[in-house]
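Structure file input.txt with compact mmCIF, C-alpha atoms:
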```
# COMPACT_ATOMS: atom_id res chain seq x y z
CA MET A 109 -30.98 91.46 22.69
CA ASN A 110 -33.84 92.60 20.46
CA GLY A 111 -33.61 95.99 22.12
CA VAL A 112 -29.92 96.24 21.25
CA LYS A 113 -30.61 95.24 17.65
CA ALA A 114 -33.44 97.77 17.38
CA THR A 115 -31.16 100.49 18.74
CA VAL A 116 -28.39 99.54 16.32
CA ASP A 117 -30.83 99.55 13.42
CA LYS A 118 -32.12 102.95 14.47
CA ILE A 119 -28.63 104.49 14.74
CA ASN A 120 -27.60 102.77 11.53
CA GLY A 121 -30.58 104.23 9.65
CA ILE A 122 -30.18 106.20 6.47
CA ALA A 123 -31.01 109.56 8.07
CA ALA A 124 -28.46 108.98 10.83
CA ARG A 125 -25.75 108.62 8.19
CA VAL A 126 -26.90 111.22 5.69
CA LEU A 127 -27.05 114.00 8.27
CA PRO A 128 -23.42 113.85 9.48
CA LEU A 129 -22.17 113.35 5.93
CA THR A 130 -24.03 116.47 4.84
CA MET A 131 -22.90 118.40 7.89
CA ALA A 132 -19.24 117.42 7.55
CA GLY A 133 -19.16 117.92 3.78
CA CYS A 134 -20.83 121.33 3.90
CA THR A 135 -18.57 122.49 6.72
CA ALA A 136 -15.45 121.38 4.82
CA VAL A 137 -16.60 123.19 1.67
CA LEU A 138 -17.47 126.27 3.71
CA VAL A 139 -14.08 126.36 5.42
CA LEU A 140 -12.21 125.77 2.15
CA LEU A 141 -14.13 128.21 -0.03
CA ASN A 142 -15.29 130.92 2.35
CA PRO A 143 -12.38 132.20 4.47
CA SER A 144 -14.56 134.87 6.09
CA SER A 145 -16.99 132.36 7.61
CA LEU A 146 -16.95 131.80 11.37
CA ALA A 147 -15.92 128.17 10.93
CA ALA A 148 -13.01 129.14 8.67
CA ARG A 149 -11.80 131.95 10.93
CA ILE A 150 -11.82 129.72 13.99
CA ALA A 151 -10.19 126.79 12.18
CA GLY A 152 -7.41 129.07 10.97
CA ASP A 153 -5.73 129.11 7.58
CA THR A 154 -3.06 126.42 7.59
CA LEU A 155 -1.95 123.84 5.09
CA THR A 156 -2.74 121.03 7.53
CA GLY A 157 -6.21 122.47 8.04
CA ASP A 158 -6.78 122.37 4.29
CA VAL A 159 -5.52 118.77 4.19
CA ILE A 160 -7.94 117.83 6.99
CA ASN A 161 -10.83 119.42 5.08
CA MET A 162 -9.88 117.67 1.86
CA ALA A 163 -9.62 114.36 3.75
CA ILE A 164 -13.10 114.95 5.18
CA LEU A 165 -14.46 115.55 1.67
CA VAL A 166 -12.88 112.31 0.41
CA VAL A 167 -14.33 110.39 3.38
CA CYS A 168 -17.74 111.98 2.71
CA VAL A 169 -17.62 110.77 -0.91
CA VAL A 170 -17.00 107.21 0.33
CA GLY A 171 -19.81 107.65 2.87
CA TRP A 172 -22.23 108.81 0.18
CA ALA A 173 -21.22 105.86 -2.00
CA ASP A 174 -22.10 103.57 0.91
CA VAL A 175 -25.46 105.28 1.43
CA ILE A 176 -26.35 105.10 -2.27
CA TRP A 177 -25.22 101.50 -2.74
CA HIS A 178 -26.32 100.04 0.60
CA ASP A 179 -29.55 101.91 1.25
CA ILE A 180 -30.86 102.95 -2.13
CA ARG A 181 -29.65 100.08 -4.33
CA GLY A 182 -29.87 97.49 -1.56
CA ARG A 183 -26.34 96.26 -2.18
CA LEU A 184 -22.98 96.78 -0.54
CA ILE A 185 -20.47 99.21 -2.00
CA TRP A 186 -17.99 97.91 -4.56
CA PRO A 187 -19.47 94.46 -5.19
CA THR A 188 -16.19 93.02 -6.48
CA LEU A 189 -14.53 93.30 -3.07
CA PRO A 190 -15.03 90.69 -0.30
CA THR A 191 -17.80 91.44 2.21
CA TYR A 192 -15.36 91.83 5.08
CA ILE A 193 -13.31 94.44 3.23
CA ARG A 194 -16.38 96.42 2.23
CA HIS A 195 -17.74 96.28 5.76
CA ARG A 196 -14.42 97.46 7.10
CA ILE A 197 -14.33 100.33 4.59
CA CYS A 198 -17.76 101.46 5.82
CA VAL A 199 -16.71 101.35 9.47
CA GLY A 200 -13.40 103.02 8.65
CA THR A 201 -15.20 105.76 6.76
CA TYR A 202 -17.28 106.84 9.73
CA SER A 203 -14.43 106.25 12.17
CA ALA A 204 -12.19 108.55 10.13
CA LEU A 205 -14.95 111.14 9.89
CA ALA A 206 -15.46 111.06 13.66
CA GLY A 207 -11.71 111.36 14.27
CA LEU A 208 -11.28 114.23 11.83
CA THR A 209 -14.27 116.02 13.36
CA GLY A 210 -12.61 115.59 16.74
CA VAL A 211 -9.45 117.14 15.31
CA ARG A 212 -11.57 120.12 14.25
CA ALA A 213 -12.57 120.55 17.91
CA PHE A 214 -8.93 120.28 18.94
CA VAL A 215 -7.77 123.02 16.56
CA ALA A 216 -10.56 125.46 17.32
CA ALA A 217 -8.83 128.73 18.16
CA SER A 218 -9.96 132.31 18.33
CA SER A 219 -9.49 135.46 20.34
CA SER A 220 -12.99 134.90 21.65
CA THR A 221 -13.27 132.20 24.32
CA TRP A 222 -17.01 131.96 23.64
CA GLU A 223 -16.45 131.20 19.94
CA VAL A 224 -13.92 128.49 20.76
CA ALA A 225 -16.20 126.91 23.36
CA MET A 226 -19.21 127.03 21.05
CA LEU A 227 -17.56 125.53 17.99
CA GLY A 228 -15.31 123.15 19.91
CA GLY A 229 -18.28 121.77 21.87
CA TYR A 230 -20.29 121.46 18.68
CA TYR A 231 -17.57 119.42 17.00
CA VAL A 232 -17.09 117.19 20.05
CA VAL A 233 -20.82 116.37 20.05
CA CYS A 234 -20.75 115.74 16.29
CA ALA A 235 -17.68 113.49 16.61
CA ALA A 236 -19.37 111.48 19.37
CA GLY A 237 -22.49 111.07 17.23
CA ILE A 238 -20.57 109.96 14.15
CA GLY A 239 -18.50 107.61 16.30
CA THR A 240 -21.71 106.01 17.55
CA ILE A 241 -22.72 105.42 13.93
CA ALA A 242 -19.36 103.75 13.25
CA VAL A 243 -19.90 101.40 16.20
CA ALA A 244 -23.46 100.65 15.04
CA ILE A 245 -22.22 99.78 11.54
CA ALA A 246 -19.54 97.53 13.04
CA LEU A 247 -22.20 95.67 15.04
CA ASP A 248 -24.44 95.34 11.97
CA PRO A 249 -23.57 92.01 10.23
CA ARG A 250 -23.95 93.36 6.66
CA HIS A 251 -23.96 89.94 5.05
CA GLY A 252 -26.35 91.34 2.46
CA THR A 253 -26.45 90.93 -1.28
CA SER A 254 -23.44 91.86 -3.32
CA MET B 97 -10.78 105.83 30.40
CA LEU B 98 -11.40 108.92 32.46
CA CYS B 99 -8.66 107.92 34.89
CA LEU B 100 -6.27 107.34 32.00
CA ALA B 101 -7.10 110.71 30.51
CA LEU B 102 -6.59 112.41 33.84
CA GLY B 103 -3.34 110.52 34.36
CA TRP B 104 -2.13 111.70 30.99
CA GLY B 105 -3.01 115.30 31.77
CA VAL B 106 -1.22 115.21 35.10
CA SER B 107 1.91 113.61 33.61
CA TRP B 108 1.96 116.20 30.86
CA GLY B 109 1.51 118.90 33.45
CA ALA B 110 4.54 117.61 35.34
CA VAL B 111 6.65 117.88 32.18
CA ALA B 112 5.40 121.38 31.43
CA ALA B 113 6.51 122.62 34.83
CA THR B 114 7.39 126.07 33.53
CA TYR B 115 3.76 127.12 33.95
CA PRO B 116 3.11 129.15 37.08
CA ASP B 117 0.21 126.95 38.13
CA MET B 118 -1.83 123.91 37.12
CA ILE B 119 -4.87 125.99 36.27
CA ALA B 120 -2.95 127.62 33.41
CA LEU B 121 -2.64 124.29 31.60
CA PRO B 122 -4.88 123.83 28.55
CA TRP B 123 -7.08 121.24 30.25
CA ILE B 124 -9.85 121.31 27.67
CA GLN B 125 -7.39 120.86 24.83
CA ILE B 126 -5.73 118.02 26.75
CA ALA B 127 -9.12 116.35 27.29
CA VAL B 128 -10.08 116.68 23.62
CA GLY B 129 -6.62 115.41 22.62
CA ALA B 130 -7.05 112.37 24.87
CA ALA B 131 -10.46 111.74 23.31
CA ILE B 132 -9.01 111.92 19.79
CA ALA B 133 -6.21 109.49 20.67
CA ALA B 134 -8.71 107.18 22.39
CA TRP B 135 -10.95 107.24 19.33
CA GLY B 136 -7.99 106.29 17.15
CA GLY B 137 -7.55 103.27 19.42
CA ALA B 138 -11.28 102.51 19.29
CA THR B 139 -11.10 102.48 15.51
CA ALA B 140 -8.44 99.81 15.64
CA THR B 141 -10.59 97.88 18.14
CA LEU B 142 -13.57 97.99 15.76
CA GLY B 143 -11.36 96.67 12.96
CA ARG B 144 -10.25 93.71 15.07
CA TYR B 145 -13.84 93.08 16.14
CA LEU B 146 -14.89 92.86 12.48
CA ALA B 147 -12.02 90.49 11.71
CA ALA B 148 -12.98 88.27 14.67
CA THR B 149 -16.65 88.31 13.63
CA TYR B 150 -15.98 87.25 10.06
CA GLU B 151 -13.51 84.59 11.18
CA GLN B 152 -16.02 83.48 13.85
CA LYS B 153 -13.54 83.85 16.66
CA ALA B 154 -14.24 84.97 20.23
CA PHE B 155 -13.76 88.68 20.90
CA LEU B 156 -13.32 89.82 24.49
CA TRP B 157 -14.71 93.35 24.39
CA LYS B 158 -13.71 94.28 27.92
CA ALA B 159 -10.10 93.16 27.61
CA GLU B 160 -9.67 94.63 24.12
CA VAL B 161 -11.15 98.01 25.04
CA ILE B 162 -9.07 98.30 28.21
CA ARG B 163 -5.89 97.32 26.38
CA ASP B 164 -6.48 99.63 23.43
CA GLY B 165 -7.60 102.44 25.70
CA ALA B 166 -4.41 102.23 27.74
CA VAL B 167 -2.17 101.95 24.68
CA SER B 168 -3.82 104.68 22.61
CA VAL B 169 -3.92 107.21 25.41
CA SER B 170 -0.32 106.42 26.40
CA VAL B 171 0.91 106.71 22.82
CA GLY B 172 -1.20 109.83 22.39
CA SER B 173 0.44 111.27 25.49
CA GLY B 174 3.86 110.70 23.95
CA ALA B 175 2.72 112.27 20.69
CA TYR B 176 1.32 115.27 22.55
CA MET B 177 4.54 115.85 24.43
CA ALA B 178 6.65 115.35 21.31
CA GLY B 179 4.46 117.76 19.40
CA TRP B 180 4.74 120.26 22.21
CA ALA B 181 8.54 119.85 22.26
CA TYR B 182 8.84 120.27 18.49
CA GLU B 183 6.27 123.09 18.47
CA LEU B 184 3.96 121.50 15.92
CA SER B 185 1.00 123.52 14.75
CA ALA B 186 -2.34 122.68 16.35
CA PRO B 187 -3.86 121.00 13.25
CA MET B 188 -0.71 118.92 12.76
CA LEU B 189 -0.70 117.93 16.44
CA GLY B 190 -4.38 116.97 16.33
CA LEU B 191 -3.84 114.80 13.27
CA THR B 192 -0.77 113.24 14.89
CA LEU B 193 -2.78 112.33 17.98
CA LEU B 194 -5.44 110.59 15.91
CA LEU B 195 -2.91 108.62 13.89
CA ALA B 196 -0.83 107.82 16.98
CA GLY B 197 -3.88 106.44 18.80
CA TYR B 198 -4.76 104.29 15.80
CA GLY B 199 -1.22 103.26 14.91
CA GLY B 200 -0.17 102.49 18.48
CA THR B 201 -2.77 99.77 18.90
CA ARG B 202 -2.12 98.46 15.39
CA VAL B 203 1.59 98.11 16.10
CA LEU B 204 0.88 96.37 19.39
CA SER B 205 -1.57 93.98 17.70
CA ALA B 206 1.07 93.08 15.12
CA ALA B 207 3.74 92.61 17.77
CA VAL B 208 1.70 90.46 20.18
```
Can you turn what I pasted into structure tokens?
Amino acid sequence: MNGVKATVDKINGIAARVLPLTMAGCTAVLVLLNPSSLAARIAGDTLTGDVINMAILVVCVVGWADVIWHDIRGRLIWPTLPTYIRHRICVGTYSALAGLTGVRAFVAASSSTWEVAMLGGYYVVCAAGIGTIAVAIALDPRHGTS
Amino acid sequence: MLCLALGWGVSWGAVAATYPDMIALPWIQIAVGAAIAAWGGATATLGRYLAATYEQKAFLWKAEVIRDGAVSVSVGSGAYMAGWAYELSAPMLGLTLLLAGYGGTRVLSAAV
């Protein structure tokens, strides 16, 4: 049981959450602002793609708020809300990020099979990693100070 | 989960019988689509786990995961075929799969 808790704590660490937030946020900005980038060319230029990127940015903002409040200030985000709701927001944040990253893998398209395989595989791995963080946060009680 | 994903792919392949052979089907895209739908279901499972934890109720992981896995992949299969029939764009179809996987289990939880 201690081993499980140690693993959860490790996955739920600050670095484990900052890295995917940075990765997802930077990729979304890159795709939105730099159409000539490899990521943007493979993702394609569609309205839904832009909506997905904007949604990822919004989710990243919530994720950063959680990191700043929970890890740096030692409190949970939005102290006025009940603990359960805040905990659920945190889990939902990383769940949504994992799902949207998976959608990125799904929409990867290019004339080059190698480019599709490379980027699609990369996003699948990222989605799995972020999903693991979501599960770790769900298993973490988070009855901390508010 | 793997069996469900494979079952989905085969059933979709049977519907898309205009292809000359099974190898021509977009298997990787089908697998990623199944994973997205399954993750939507897993998200709903995590939400129910949190609710059960805070209400100090028993949560049967095995039963919940199997149920949500079956529902999300089945609903995702329907969404995939509907999207294919209505010729949705790939980003729209991907987003639909995620929401269908999440919403399917939510609807079932509300109904049961």
Q. Any idea what's packed within 12 Å of stretch 214-223 of chain A, counting only C-alpha atoms, ignoring anything in its chain fewer than 5 positions away? Could you give it as number ranges by chain?
A. A: 146-154, 156-157, 160, 207-209, 228-232, 235; B: 122-133, 176, 184-194
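Around B:Tyr145, within 9 Å and counting only C-alpha atoms, the residues found are A:Ala246, A:Leu247, B:Ala140, B:Thr141, B:Leu142, B:Gly143, B:Ala147, B:Ala148, B:Thr149, B:Tyr150, B:Phe155, B:Leu156, B:Trp157, once anything fewer than 2 positions away on its own chain is removed.
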**Q.** Residue with smallest distance to chain A - pool B:Ala196, B:Leu204, B:Ile162, B:Gly174, counting only C-alpha atoms
**A.** B:Ala196
(Q) Just the number, please: distance in Å from atom CA of B:Val167 to atom CA of B:Gly200, one decimal. (A) 6.5 Å
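When only C-alpha atoms are used to compute distances to chain A, the closest of the residues B:Tyr182, B:Gly172, B:Thr201, B:Leu195 turns out to be B:Leu195.
Using only C-alpha atoms for every distance, the candidate list A:Val233, A:Ala123, A:Val170, A:Ala206 yields A:Ala206 as the residue closest to chain B.
Using only C-alpha atoms, the shortest contact distance between chain B and any of A:Val169, A:Met162, A:Ala204, A:Leu227 is found at A:Ala204.
We find atom CA of A:Cys234 and atom CA of A:Pro128 to be spaced 7.6 Å apart.
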Q: Using all atoms listed in the file, collect all residues at a distance of at most 12 Å from (-23.1, 99.5, -1.9) as written in the file, then present them as JSON, numbers by chain.
A: {"A": [170, 171, 172, 173, 174, 175, 176, 177, 178, 179, 180, 181, 182, 183, 184, 185, 186, 187, 188, 189, 191, 194, 195, 197, 198, 250, 251, 252, 253, 254]}
**Q.** Separation of atom CA of B:Leu121 from atom CA of A:Asp158 in Å
**A.** 27.7 Å
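Between chain B and the candidates A:Ala236, A:Val211, A:Cys168, A:Ile241, the tightest atom-to-atom separation, counting only C-alpha atoms, involves A:Val211.
For the point (-13.9, 103.6, 12.6), the residues with at least one atom inside 7 Å, counting all atoms listed in the file, are A:Val199, A:Gly200, A:Thr201, A:Tyr202, A:Ser203, A:Ala204, A:Ala242, B:Thr139, B:Leu142.
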Q | Residue with smallest distance to chain B - pool A:Ala124, A:Ala136, A:Ala163, A:Leu141, counting only C-alpha atoms | A | A:Ala163
